[in-house]
>>> print(open('run_9.tsv').read())   # TSV, C-alpha atoms and all ligand atoms
chain	number	residue	atom	x	y	z
R	1	MET	CA	-15.08	3.86	1.39
R	2	GLU	CA	-13.83	7.16	0.01
R	3	TRP	CA	-16.64	9.07	1.67
R	4	TYR	CA	-15.62	7.72	5.03
R	5	VAL	CA	-12.02	8.82	4.66
R	6	LYS	CA	-12.97	12.27	3.51
R	7	GLN	CA	-15.36	12.76	6.38
R	8	ARG	CA	-12.82	11.67	8.93
R	9	LEU	CA	-11.73	15.00	10.30
R	10	GLU	CA	-10.31	13.81	13.58
R	11	PRO	CA	-7.38	11.42	13.65
R	12	ASP	CA	-8.65	7.98	14.54
R	13	PRO	CA	-6.13	5.96	16.54
R	14	ARG	CA	-7.74	2.69	15.42
R	15	VAL	CA	-7.25	3.57	11.77
R	16	ASP	CA	-3.73	4.74	12.44
R	17	ALA	CA	-2.96	1.40	14.07
R	18	ASP	CA	-4.30	-0.44	11.02
R	19	VAL	CA	-2.24	1.70	8.69
R	20	GLU	CA	0.87	1.25	10.74
R	21	ARG	CA	0.39	-2.51	10.76
R	22	SER	CA	-0.22	-2.77	7.02
R	23	CYS	CA	2.59	-0.40	6.11
R	24	THR	CA	5.14	-2.08	8.33
R	25	SER	CA	4.10	-5.60	7.34
R	26	LYS	CA	4.34	-4.79	3.65
R	27	GLN	CA	7.55	-4.12	1.85
R	28	GLN	CA	8.07	-0.45	1.09
R	29	TYR	CA	9.48	0.62	-2.26
R	30	LYS	CA	10.77	4.03	-3.13
R	31	ASP	CA	8.91	4.31	-6.40
R	32	GLU	CA	6.72	2.45	-8.83
R	33	GLU	CA	9.56	0.94	-10.81
R	34	ASP	CA	11.27	-0.34	-7.70
R	35	ALA	CA	8.06	-2.09	-6.67
R	36	HIS	CA	7.45	-3.51	-10.13
R	37	VAL	CA	10.99	-4.85	-10.42
R	38	HIS	CA	10.59	-6.69	-7.16
R	39	ALA	CA	7.29	-8.19	-8.31
R	40	LEU	CA	8.98	-9.41	-11.49
R	41	MET	CA	11.92	-10.86	-9.58
R	42	ASN	CA	9.48	-12.86	-7.49
R	43	GLY	CA	7.71	-14.09	-10.61
R	44	MET	CA	4.65	-12.19	-9.49
R	45	GLY	CA	4.57	-9.53	-12.18
R	46	ASP	CA	1.20	-10.75	-13.40
R	47	VAL	CA	-0.25	-11.20	-9.94
R	48	LEU	CA	0.79	-8.12	-8.05
R	49	PHE	CA	0.39	-4.50	-8.82
R	50	SER	CA	2.01	-1.54	-7.18
R	51	TYR	CA	0.33	1.45	-5.62
R	52	GLU	CA	1.56	4.59	-3.95
R	53	CYS	CA	0.59	4.50	-0.31
R	54	ARG	CA	-1.07	7.66	0.81
R	55	TYR	CA	-0.13	6.98	4.41
R	56	CYS	CA	3.58	6.28	4.33
R	57	GLY	CA	4.34	7.77	0.91
R	58	PHE	CA	6.15	4.65	-0.29
R	59	TRP	CA	4.93	2.09	-2.79
R	60	HIS	CA	3.53	-1.29	-1.85
R	61	LEU	CA	2.64	-4.38	-3.81
R	62	THR	CA	-0.75	-5.97	-3.50
R	63	ARG	CA	-2.59	-8.74	-5.26
R	64	ARG	CA	-4.84	-7.76	-8.10
R	65	PRO	CA	-8.46	-8.09	-7.07
R	66	ASN	CA	-9.74	-11.32	-8.63
N	101	ZN	ZN	2.14	2.41	3.41
>>> encode(input="run_9.tsv", output="structure tokens")
Amino acid sequence: MEWYVKQRLEPDPRVDADVERSCTSKQQYKDEEDAHVHALMNGMGDVLFSYECRYCGFWHLTRRPN
């Protein structure tokens, strides 16, 4: 879906709403290590991986695909 994001020149309020919902419903971590430590504490170090959110600038944890 990269092409879609790049071609989106005008702010789309529907997308913004989705981003706001996902960012606020997910825990936000200040950096990669902070996110990883929390995954380990939850015993989810092998299940979750961290990524830097391009929308809010914090790090989130998400399940590894498959
Ligand atoms: Zn976010």
>>> residues_around(input="run_9.tsv", residues="segment 49-66 of chain R", least_positions_apart="4", cutoff="8 Å", atoms="only C-alpha atoms", output="list in words")
Val19, Cys23, Lys26, Gln27, Gln28, Tyr29, Lys30, Asp31, Glu32, Ala35, His36, Ala39 and Gly45 of chain R
>>> closest_residue(input="run_9.tsv", among="R:Glu20, R:Asn42, R:Val47, R:Val37", to="ligand ZN 101 (chain N)", atoms="all atoms listed in the file")
R:Glu20
>>> atom_distance(input="run_9.tsv", atom1="atom ZN of ligand ZN 101 (chain N)", atom2="atom CA of Ser25 of chain R")
9.1 Å
>>> closest_residue(input="run_9.tsv", among="R:Ser22, R:His38, R:Met44, R:Val15", to="ligand ZN 101 (chain N)", atoms="only C-alpha atoms and all ligand atoms")
R:Ser22
>>> closest_residue(input="run_9.tsv", among="R:Ala17, R:Thr24, R:Glu33, R:Asp12", to="ligand ZN 101 (chain N)", atoms="all atoms listed in the file")
R:Thr24
>>> axis_aligned_box(input="run_9.tsv", around="segment 20-37 of chain R", padding_each_side="6 Å", output="JSON")
{"center_x": 5.5, "center_y": -0.6, "center_z": 0.0, "size_x": 23.5, "size_y": 21.9, "size_z": 33.6}
